[in-house]
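Note: the block below is query38.pdb and it holds PDB, C-alpha atoms, pLDDT in the B column.
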```
ATOM      1  CA  MET E  30       0.000   0.000   0.000  1.00 71.00           C
ATOM      2  CA  GLY E  31       1.329   3.367  -0.851  1.00 91.00           C
ATOM      3  CA  ILE E  32       1.310   6.499  -2.923  1.00 92.00           C
ATOM      4  CA  LEU E  33       2.674   6.556  -6.464  1.00 93.00           C
ATOM      5  CA  VAL E  34       3.644   9.493  -8.682  1.00 93.00           C
ATOM      6  CA  GLU E  35       2.924   9.403 -12.409  1.00 91.00           C
ATOM      7  CA  CYS E  36       5.522  10.995 -14.672  1.00 89.00           C
ATOM      8  CA  PRO E  37       3.797  13.514 -16.980  1.00 86.00           C
ATOM      9  CA  GLU E  38       6.190  12.667 -19.821  1.00 84.00           C
ATOM     10  CA  CYS E  39       6.152   8.854 -20.020  1.00 88.00           C
ATOM     11  CA  LYS E  40       3.088   8.116 -17.786  1.00 88.00           C
ATOM     12  CA  ASN E  41       5.124   5.632 -15.723  1.00 87.00           C
ATOM     13  CA  ARG E  42       4.053   5.311 -12.080  1.00 90.00           C
ATOM     14  CA  ASN E  43       6.938   5.622  -9.614  1.00 88.00           C
ATOM     15  CA  SER E  44       7.328   5.510  -5.853  1.00 88.00           C
ATOM     16  CA  LEU E  45       7.512   8.770  -3.936  1.00 86.00           C
ATOM     17  CA  LYS E  46      11.066   7.822  -2.945  1.00 87.00           C
ATOM     18  CA  ASN E  47      12.302   7.939  -6.547  1.00 84.00           C
ATOM     19  CA  GLN E  48      13.787  11.281  -7.506  1.00 86.00           C
ATOM     20  CA  SER E  49      13.946  10.567 -11.237  1.00 86.00           C
ATOM     21  CA  CYS E  50      11.893   8.538 -13.673  1.00 87.00           C
ATOM     22  CA  LYS E  51      13.152   5.878 -16.099  1.00 88.00           C
ATOM     23  CA  CYS E  52      12.840   8.411 -18.900  1.00 86.00           C
ATOM     24  CA  GLY E  53      15.366  10.639 -17.108  1.00 85.00           C
ATOM     25  CA  LYS E  54      13.024  13.404 -15.928  1.00 83.00           C
ATOM     26  CA  ASN E  55      13.363  14.727 -12.388  1.00 84.00           C
ATOM     27  CA  LEU E  56      10.086  13.936 -10.614  1.00 83.00           C
ATOM     28  CA  ARG E  57      10.664  16.435  -7.824  1.00 82.00           C
ATOM     29  CA  SER E  58      10.823  19.483 -10.091  1.00 82.00           C
ATOM     30  CA  LEU E  59       8.122  18.555 -12.628  1.00 79.00           C
ATOM     31  CA  SER E  60       4.740  20.204 -12.405  1.00 79.00           C
ATOM     32  CA  HIS E  61       1.403  18.542 -13.250  1.00 82.00           C
ATOM     33  CA  LYS E  62       2.333  15.291 -11.542  1.00 87.00           C
ATOM     34  CA  CYS E  63      -0.551  12.918 -10.999  1.00 91.00           C
ATOM     35  CA  TYR E  64      -0.760  10.910  -7.783  1.00 93.00           C
ATOM     36  CA  TRP E  65      -2.107   7.366  -7.460  1.00 94.00           C
ATOM     37  CA  ILE E  66      -2.807   5.254  -4.392  1.00 93.00           C
ATOM     38  CA  GLU E  67      -2.308   1.509  -4.287  1.00 93.00           C
ATOM     39  CA  TYR E  68      -3.916  -0.881  -1.802  1.00 92.00           C
ATOM     40  CA  TYR E  69      -5.132  -4.445  -1.455  1.00 91.00           C
ATOM     41  CA  ASP E  70      -8.853  -5.141  -1.231  1.00 85.00           C
ATOM     42  CA  GLY E  71      -9.864  -8.744  -0.661  1.00 82.00           C
ATOM     43  CA  GLY E  72      -6.558 -10.072  -1.999  1.00 86.00           C
ATOM     44  CA  ASN E  73      -6.749  -8.002  -5.174  1.00 88.00           C
ATOM     45  CA  ARG E  74      -4.477  -5.047  -5.799  1.00 91.00           C
ATOM     46  CA  ARG E  75      -6.367  -1.841  -6.502  1.00 90.00           C
ATOM     47  CA  ARG E  76      -5.047   1.432  -7.843  1.00 91.00           C
ATOM     48  CA  GLU E  77      -6.920   4.719  -7.832  1.00 91.00           C
ATOM     49  CA  ARG E  78      -5.973   7.955  -9.489  1.00 91.00           C
ATOM     50  CA  THR E  79      -6.420  10.737  -6.970  1.00 90.00           C
ATOM     51  CA  GLY E  80      -5.409  13.812  -8.960  1.00 88.00           C
ATOM     52  CA  HIS E  81      -2.671  16.421  -8.757  1.00 91.00           C
ATOM     53  CA  SER E  82      -2.730  16.929  -4.987  1.00 90.00           C
ATOM     54  CA  LYS E  83      -0.330  14.969  -2.803  1.00 90.00           C
ATOM     55  CA  LEU E  84      -2.369  15.908   0.250  1.00 93.00           C
ATOM     56  CA  GLY E  85      -5.510  14.543  -1.411  1.00 91.00           C
ATOM     57  CA  ALA E  86      -3.739  11.258  -2.144  1.00 92.00           C
ATOM     58  CA  GLU E  87      -2.576  10.980   1.463  1.00 93.00           C
ATOM     59  CA  ASN E  88      -6.105  11.665   2.733  1.00 93.00           C
ATOM     60  CA  ARG E  89      -7.662   9.075   0.413  1.00 92.00           C
ATOM     61  CA  LEU E  90      -5.078   6.456   1.416  1.00 92.00           C
ATOM     62  CA  ARG E  91      -5.762   7.178   5.090  1.00 93.00           C
ATOM     63  CA  GLU E  92      -9.503   6.845   4.415  1.00 91.00           C
ATOM     64  CA  VAL E  93      -8.979   3.446   2.765  1.00 90.00           C
ATOM     65  CA  GLN E  94      -6.748   2.251   5.600  1.00 91.00           C
ATOM     66  CA  THR E  95      -9.280   3.209   8.276  1.00 92.00           C
ATOM     67  CA  ALA E  96     -12.096   1.542   6.326  1.00 90.00           C
ATOM     68  CA  LYS E  97     -10.070  -1.673   6.128  1.00 89.00           C
ATOM     69  CA  ALA E  98      -9.204  -1.535   9.845  1.00 89.00           C
ATOM     70  CA  GLU E  99     -12.845  -1.021  10.832  1.00 89.00           C
ATOM     71  CA  GLY E 100     -14.046  -3.765   8.493  1.00 86.00           C
ATOM     72  CA  ARG E 101     -16.175  -1.438   6.383  1.00 82.00           C
ATOM     73  CA  THR E 102     -16.433  -1.621   2.625  1.00 76.00           C
ATOM     74  CA  ILE E 103     -14.268   0.845   0.781  1.00 76.00           C
ATOM     75  CA  ARG E 104     -16.357   3.580  -0.784  1.00 71.00           C
ATOM     76  CA  LYS E 105     -15.732   4.082  -4.454  1.00 71.00           C
ATOM     77  CA  ASN E 106     -17.097   6.505  -6.978  1.00 66.00           C
ATOM     78  CA  LYS E 107     -20.522   5.086  -7.805  1.00 66.00           C
ATOM     79  CA  ASN E 108     -20.560   6.812 -11.181  1.00 66.00           C
ATOM     80  CA  ALA E 109     -17.541   4.759 -12.273  1.00 66.00           C
ATOM     81  CA  LEU E 110     -19.578   1.551 -11.929  1.00 72.00           C
ATOM     82  CA  ILE E 111     -22.304   2.625 -14.369  1.00 80.00           C
ATOM     83  CA  ALA E 112     -21.812   1.498 -17.964  1.00 83.00           C
ATOM     84  CA  LEU E 113     -22.794   3.701 -20.872  1.00 85.00           C
ATOM     85  CA  GLY E 114     -25.393   1.176 -22.050  1.00 88.00           C
ATOM     86  CA  ASN E 115     -27.073   1.133 -18.641  1.00 87.00           C
ATOM     87  CA  LEU E 116     -27.126   4.918 -18.574  1.00 86.00           C
ATOM     88  CA  GLY E 117     -28.765   5.016 -22.010  1.00 89.00           C
ATOM     89  CA  ASP E 118     -31.409   2.479 -20.968  1.00 91.00           C
ATOM     90  CA  TRP E 119     -32.146   4.478 -17.815  1.00 89.00           C
ATOM     91  CA  TYR E 120     -32.525   7.680 -19.827  1.00 91.00           C
ATOM     92  CA  LEU E 121     -34.888   6.074 -22.343  1.00 92.00           C
ATOM     93  CA  ASP E 122     -37.041   4.669 -19.530  1.00 92.00           C
ATOM     94  CA  LEU E 123     -37.628   8.182 -18.163  1.00 89.00           C
ATOM     95  CA  SER E 124     -39.907   9.170 -21.019  1.00 74.00           C
TER      96      SER E 124
END
```
Please rewrite the model in this file as structure tokens.
Amino acid sequence: MGILVECPECKNRNSLKNQSCKCGKNLRSLSHKCYWIEYYDGGNRRRERTGHSKLGAENRLREVQTAKAEGRTIRKNKNALIALGNLGDWYLDLS
């Protein structure tokens, strides 16, 4: 479990400890870095993109860790689970 940094040049995800990417770019000085969190849920490895804020990634990882410790299910974005076909069917049923 941890926080990963995505290089804006090559889109490779690296650990926060790495100072440079495989492509040779310095991760510390680059702007527009994207942060990811990585955790295990039921034996499966999950990765979530959290955005450009390191603080937001740390908060989301802490939220996931507390949910696992308390035995709760990990809340995910419910809109990500809806397929486009299901959304179209729902919209057509409204009329």
### Task
Give me the result of the PyMOL selection byres ((chain E and resi 90) around 12) on this file, residue by residue, as a PyMOL selection string.
chain E and resi 30-33+64-69+75-79+83-89+91-97+103-104
Item to complete: Evaluate the PyMOL selection byres ((chain E and resi 46) around 10) here and jot the selected residues down as a ChimeraX atom specification.
Response: /E:32-34,43-45,47-49,56-57
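Listed by chain and then by number, the residues chosen by the PyMOL selection byres ((chain E and resi 60) around 12) in this file are Val34, Glu35, Cys36, Pro37, Glu38, Lys54, Asn55, Leu56, Arg57, Ser58, Leu59, His61, Lys62, Cys63, Tyr64, His81 and Ser82 of chain E.
Atom CA of Leu113 of chain E is positioned 28.5 Å from atom CA of Asn41 of chain E.
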One residue among E:Asn115, E:Lys40, E:Gly53, E:Gly71 is nearest to Thr102 of chain E when using only C-alpha atoms, and that residue is E:Gly71
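Between atom CA of Gly72 of chain E and atom CA of Glu99 of chain E there is a distance of 16.9 Å.
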Build an axis-aligned box that encloses every atom of segment 118-124 of chain E listed in the file, pad it by 6 Å on each side, and report its centre and edge lengths in Å to one decimal, as JSON.
```
{"center_x": -35.7, "center_y": 5.8, "center_z": -20.1, "size_x": 20.5, "size_y": 18.7, "size_z": 16.5}
```
